[in-house]
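*Asks:* The structure that follows is given in the form of C-alpha cells.
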Amino acid sequence: MKNMNRKEFTKGLLATIISYALMDSLFATNAFINHINPLTKHWAIKLNEYCSDLKKQTITPKEWQSLIDELYKDIELNDLIKFIDFRKLQTGFQYPDLGVNTKPVFFPKLDGLPENTVFIKKIFGMKKDRAIIPHGHSNMASAHLVLNGEMHLRHYEKIRKEGDNLIIKPTIDKLAKIGDSSSISDEKDNVHWFVANTDTAFTFDVIMLDLKGKATDIHNIDIFEKQNLSDGTMRVPILDVNTALKKYGKETHH
Ligand SMILES: [Fe+2]
C-alpha cells in the first residue's frame, strides 16, 4: 500500500508538474496574444479590413454597414477623438453659411494599418440650423459618427429612380447625439439628411467610392415637394446642388 501510495503520489506530482508546464506555456501564449492584441485589434485596422472586404466584394454593403455599426458601438469615443486629433481639426474650422465644410483626417502610423487607407476619411462640420442636405448616392457606401453636437437625422430607403425623381421610403428619423452613428449604401438607408441642432455639430465620415467599379453619383432631393404614394413610398424631385443648397443648406425657423 505504501508503495502504491508513493506511486500515486509520484503520479500526482508528475501531473501537477505537467499542468504547471502547460499553464506556463498557456500564459506564454496569452502574453504573446496580449502583446499583439492592441495592434491587430485596433479599430482603425478593423475598419480598413472591412472597407477592403467591401471593395473586394467579399462582404455586401449591408454587411459592411452592420460591421461598422458594431465597431462604432465598441469604440471608446475619446480614444477615437485623440487618434484623429479632432481638437486640432476643429481649430480654425471654416463654417459655411450654407451647408457644411469638410477637413481630411489623417491617422497616425500604426503597425498593420496601411499608410493609405482603402477609404476616404473626413470630418464634416456645420453651424446650428445648417444641413448636410437631403441626398442619396449610387455606387457608394459611407458611415458617419457624431463627434460633437446634436443633429436631426433622417434616412430614407432608395426604392428606385424614375426619370428626374427618386422613389424613397422613410426609415430613420431621430436625434443623433455624440457617439451615435449611421451609414448609407445602395442596399440600405441610401438617402440621408442631417440638420445641426447645436451651435456646432461634427461627424467623422468613412467613405467608399466607386463600388463594383462603377462611378459614384449623388442625387440631391427636394423632400419638401414629396408626393406620397399609396404604398407608403414617396416620389421626390431630384435637384441640382445649388438649388438644393439654397433650399436646404440653412433651416429658417418661423
Ligand atoms: Fe452622403
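FYI, nothing fancy with the C-alpha cells labels: chains A, B, ... in order, residues from 1 per chain, ligands from 1 as they appear.
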Could you list, as a list of chain:residue names, all residues that come within 7 Å of ligand 1? Count only C-alpha atoms and all ligand atoms.

*Replies:*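 Checked against 7 Å with only C-alpha atoms and all ligand atoms; the hits are A:His135, A:Gly136, A:His137, A:His192.
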
*Asks:* Store the residues of this selection in a file with N, CA and C atoms, as a PDB file, in the first residue's frame.

*Replies:*
```pdb
ATOM      1  N   HIS A 135     -29.912  63.917 -49.560  1.00  0.00           N
ATOM      2  CA  HIS A 135     -29.358  63.376 -50.815  1.00  0.00           C
ATOM      3  C   HIS A 135     -29.132  61.875 -50.703  1.00  0.00           C
ATOM      4  N   GLY A 136     -29.081  61.264 -51.876  1.00  0.00           N
ATOM      5  CA  GLY A 136     -28.756  59.842 -51.951  1.00  0.00           C
ATOM      6  C   GLY A 136     -27.541  59.656 -52.829  1.00  0.00           C
ATOM      7  N   HIS A 137     -26.967  58.449 -52.800  1.00  0.00           N
ATOM      8  CA  HIS A 137     -25.774  58.162 -53.605  1.00  0.00           C
ATOM      9  C   HIS A 137     -25.971  56.876 -54.382  1.00  0.00           C
ATOM     10  N   HIS A 192     -29.711  60.315 -46.941  1.00  0.00           N
ATOM     11  CA  HIS A 192     -29.581  60.853 -45.582  1.00  0.00           C
ATOM     12  C   HIS A 192     -29.649  62.373 -45.577  1.00  0.00           C
TER      13      HIS A 192
END
```

*Asks:* Running DSSP on the backbone, which parts of region 62-235 of chain A land in helix (DSSP H, G or I), as a PyMOL selection string?

*Replies:* chain A and resi 62-74+77-83+86-90+211-213+223-225

*Asks:* If you measure from CA of Asp180 (chain A) to CA of Gly125 (chain A), what distance in Å do you get, rounded to one decimal?

*Replies:*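 Interatomic distance, CA of Asp180 (chain A) to CA of Gly125 (chain A): 15.4 Å.
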
*Asks:* Write out as a PDB file with N, CA and C atoms, in the first residue's frame each polymer residue whose atoms come within 12 Å of Leu229 (chain A), counting only C-alpha atoms; drop sequence neighbours fewer than 3 positions from it.

*Replies:*
```pdb
ATOM      1  N   ILE A 167     -37.800  57.495 -55.945  1.00  0.00           N
ATOM      2  CA  ILE A 167     -38.874  56.919 -55.131  1.00  0.00           C
ATOM      3  C   ILE A 167     -38.200  56.426 -53.864  1.00  0.00           C
ATOM      4  N   ILE A 168     -38.623  56.993 -52.730  1.00  0.00           N
ATOM      5  CA  ILE A 168     -37.965  56.689 -51.453  1.00  0.00           C
ATOM      6  C   ILE A 168     -38.996  56.319 -50.384  1.00  0.00           C
ATOM      7  N   LYS A 169     -38.460  55.767 -49.285  1.00  0.00           N
ATOM      8  CA  LYS A 169     -39.340  55.377 -48.177  1.00  0.00           C
ATOM      9  C   LYS A 169     -38.628  55.728 -46.861  1.00  0.00           C
ATOM     10  N   LYS A 226     -42.305  66.372 -51.719  1.00  0.00           N
ATOM     11  CA  LYS A 226     -42.638  64.932 -51.810  1.00  0.00           C
ATOM     12  C   LYS A 226     -44.101  64.713 -52.163  1.00  0.00           C
ATOM     13  N   GLY A 232     -46.897  53.682 -49.373  1.00  0.00           N
ATOM     14  CA  GLY A 232     -46.035  54.129 -48.266  1.00  0.00           C
ATOM     15  C   GLY A 232     -44.725  54.736 -48.746  1.00  0.00           C
ATOM     16  N   THR A 233     -44.469  54.687 -50.042  1.00  0.00           N
ATOM     17  CA  THR A 233     -43.263  55.313 -50.581  1.00  0.00           C
ATOM     18  C   THR A 233     -43.602  56.758 -50.960  1.00  0.00           C
ATOM     19  N   MET A 234     -42.616  57.526 -51.370  1.00  0.00           N
ATOM     20  CA  MET A 234     -42.869  58.895 -51.822  1.00  0.00           C
ATOM     21  C   MET A 234     -42.012  59.208 -53.036  1.00  0.00           C
ATOM     22  N   ARG A 235     -42.571  60.047 -53.878  1.00  0.00           N
ATOM     23  CA  ARG A 235     -41.839  60.484 -55.071  1.00  0.00           C
ATOM     24  C   ARG A 235     -41.274  61.857 -54.788  1.00  0.00           C
ATOM     25  N   VAL A 236     -39.926  62.009 -54.941  1.00  0.00           N
ATOM     26  CA  VAL A 236     -39.301  63.310 -54.679  1.00  0.00           C
ATOM     27  C   VAL A 236     -38.470  63.741 -55.883  1.00  0.00           C
TER      28      VAL A 236
END
```

*Asks:* Can you list, as a VMD selection string, every protein, DNA or RNA residue that comes within 12 Å of Thr117 (chain A) when you count only C-alpha atoms, leaving out same-chain residues fewer than 3 positions away?

*Replies:* chain A and resid 44 to 52 55 105 to 110 112 to 114 120 to 121 206 to 208

*Asks:* Output as a PyMOL selection string all residues of region 47-105 of chain A that backbone DSSP marks as strand (DSSP E or B).

*Replies:* chain A and resi 101-104

*Asks:* With N, CA, C and O atoms retained, export the selected residues as an mmCIF file, in the first residue's frame.

*Replies:*
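Dumped everything to selection-v3.cif:
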```cif
data_model
loop_
_atom_site.group_PDB
_atom_site.id
_atom_site.type_symbol
_atom_site.label_atom_id
_atom_site.label_comp_id
_atom_site.auth_asym_id
_atom_site.auth_seq_id
_atom_site.Cartn_x
_atom_site.Cartn_y
_atom_site.Cartn_z
ATOM 1 N N ASN A 101 -18.859 72.103 -44.205
ATOM 2 C CA ASN A 101 -17.497 72.085 -44.707
ATOM 3 C C ASN A 101 -16.847 70.777 -44.234
ATOM 4 O O ASN A 101 -17.338 70.147 -43.287
ATOM 5 N N THR A 102 -15.749 70.408 -44.890
ATOM 6 C CA THR A 102 -15.068 69.169 -44.502
ATOM 7 C C THR A 102 -13.576 69.432 -44.335
ATOM 8 O O THR A 102 -13.055 70.407 -44.867
ATOM 9 N N LYS A 103 -12.930 68.527 -43.613
ATOM 10 C CA LYS A 103 -11.470 68.552 -43.485
ATOM 11 C C LYS A 103 -10.995 67.103 -43.544
ATOM 12 O O LYS A 103 -11.621 66.228 -42.921
ATOM 13 N N PRO A 104 -9.903 66.853 -44.280
ATOM 14 C CA PRO A 104 -9.413 65.470 -44.322
ATOM 15 C C PRO A 104 -8.851 65.038 -42.970
ATOM 16 O O PRO A 104 -8.314 65.863 -42.225
#
```

*Asks:* Find the residues near Asp74 (chain A): any atom within 12 Å, counting only C-alpha atoms, skip ones fewer than 5 places away on the same chain, and give them as number ranges by chain.

*Replies:* A: 41-43, 46, 67-69, 79-80, 179-181

*Asks:* Please dump the current selection as a PDB file, in the first residue's frame; keep N, CA and C atoms.

*Replies:*
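Saved the output as result_3.pdb:
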```
ATOM      1  N   LYS A  41      -5.973  44.386 -33.137  1.00  0.00           N
ATOM      2  CA  LYS A  41      -7.392  44.602 -32.883  1.00  0.00           C
ATOM      3  C   LYS A  41      -7.762  46.089 -32.881  1.00  0.00           C
ATOM      4  N   HIS A  42      -6.860  46.950 -33.246  1.00  0.00           N
ATOM      5  CA  HIS A  42      -7.183  48.373 -33.231  1.00  0.00           C
ATOM      6  C   HIS A  42      -8.345  48.657 -34.178  1.00  0.00           C
ATOM      7  N   TRP A  43      -9.270  49.504 -33.765  1.00  0.00           N
ATOM      8  CA  TRP A  43     -10.470  49.769 -34.569  1.00  0.00           C
ATOM      9  C   TRP A  43     -10.135  50.267 -35.968  1.00  0.00           C
ATOM     10  N   LYS A  46      -9.342  47.293 -38.101  1.00  0.00           N
ATOM     11  CA  LYS A  46     -10.587  46.565 -38.413  1.00  0.00           C
ATOM     12  C   LYS A  46     -11.372  47.334 -39.471  1.00  0.00           C
ATOM     13  N   LEU A  67     -21.266  45.734 -39.751  1.00  0.00           N
ATOM     14  CA  LEU A  67     -19.953  45.563 -39.104  1.00  0.00           C
ATOM     15  C   LEU A  67     -19.464  46.893 -38.523  1.00  0.00           C
ATOM     16  N   ILE A  68     -19.626  47.958 -39.283  1.00  0.00           N
ATOM     17  CA  ILE A  68     -19.170  49.270 -38.808  1.00  0.00           C
ATOM     18  C   ILE A  68     -20.027  49.745 -37.649  1.00  0.00           C
ATOM     19  N   ASP A  69     -21.310  49.452 -37.733  1.00  0.00           N
ATOM     20  CA  ASP A  69     -22.219  49.792 -36.652  1.00  0.00           C
ATOM     21  C   ASP A  69     -21.740  49.146 -35.342  1.00  0.00           C
ATOM     22  N   ASP A  79     -10.920  57.870 -27.320  1.00  0.00           N
ATOM     23  CA  ASP A  79      -9.732  57.320 -27.988  1.00  0.00           C
ATOM     24  C   ASP A  79      -9.736  57.726 -29.455  1.00  0.00           C
ATOM     25  N   LEU A  80     -10.902  57.613 -30.072  1.00  0.00           N
ATOM     26  CA  LEU A  80     -11.021  57.971 -31.496  1.00  0.00           C
ATOM     27  C   LEU A  80     -10.739  59.467 -31.686  1.00  0.00           C
ATOM     28  N   GLY A 179     -21.499  60.120 -30.316  1.00  0.00           N
ATOM     29  CA  GLY A 179     -21.288  58.678 -30.239  1.00  0.00           C
ATOM     30  C   GLY A 179     -22.253  57.883 -31.094  1.00  0.00           C
ATOM     31  N   ASP A 180     -23.351  58.512 -31.558  1.00  0.00           N
ATOM     32  CA  ASP A 180     -24.294  57.804 -32.444  1.00  0.00           C
ATOM     33  C   ASP A 180     -23.680  57.700 -33.838  1.00  0.00           C
ATOM     34  N   SER A 181     -24.075  56.662 -34.558  1.00  0.00           N
ATOM     35  CA  SER A 181     -23.568  56.538 -35.927  1.00  0.00           C
ATOM     36  C   SER A 181     -24.675  56.104 -36.869  1.00  0.00           C
TER      37      SER A 181
END
```

*Asks:* For Leu245 (chain A), find every residue with an atom within 12 Å (counting only C-alpha atoms), except residues of its own chain fewer than 3 positions away, and show them as a PyMOL selection string.

*Replies:* chain A and resi 96-100+130-135+220-222+239-242+248-251

*Asks:* Which of these, A:Lys247, A:Lys122, A:Gln65, A:Asn148, has the shortest distance to Asn190 (chain A) once you count only C-alpha atoms?

*Replies:*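 That would be A:Gln65, the residue with the smallest distance to Asn190 (chain A).
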
*Asks:* What does the distance from CA of Asp189 (chain A) to CA of Thr171 (chain A) come to in Å, to one decimal?

*Replies:*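 Separating CA of Asp189 (chain A) from CA of Thr171 (chain A) is a distance of 6.7 Å.
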
*Asks:* Would you compute the distance between CA of Phe194 (chain A) and CA of Arg154 (chain A)? Give it in Å to one decimal.

*Replies:*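 It comes out at 6.6 Å.
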
*Asks:* Would you kindly return, as an MDAnalysis selection string, each protein, DNA or RNA residue with an atom no farther than 12 Å from any atom of Ser66 (chain A), considering only C-alpha atoms and excluding same-chain residues fewer than 3 positions away?

*Replies:* chainID A and resid 47 50 59:63 69:73 141:143 181:185 187:189

*Asks:* From the set A:Ser138, A:Asn116, A:Gln94, A:Asn78, which residue has the shortest atom-to-atom contact distance to Ala215 (chain A), counting only C-alpha atoms?

*Replies:*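 Counting only C-alpha atoms, the residue closest to Ala215 (chain A) is A:Ser138.
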
*Asks:* Determine the nearest neighbour of Arg160 (chain A) from the options A:Asp173, A:Asp186, A:Glu225, A:Asp53, counting only C-alpha atoms.

*Replies:* A:Asp186
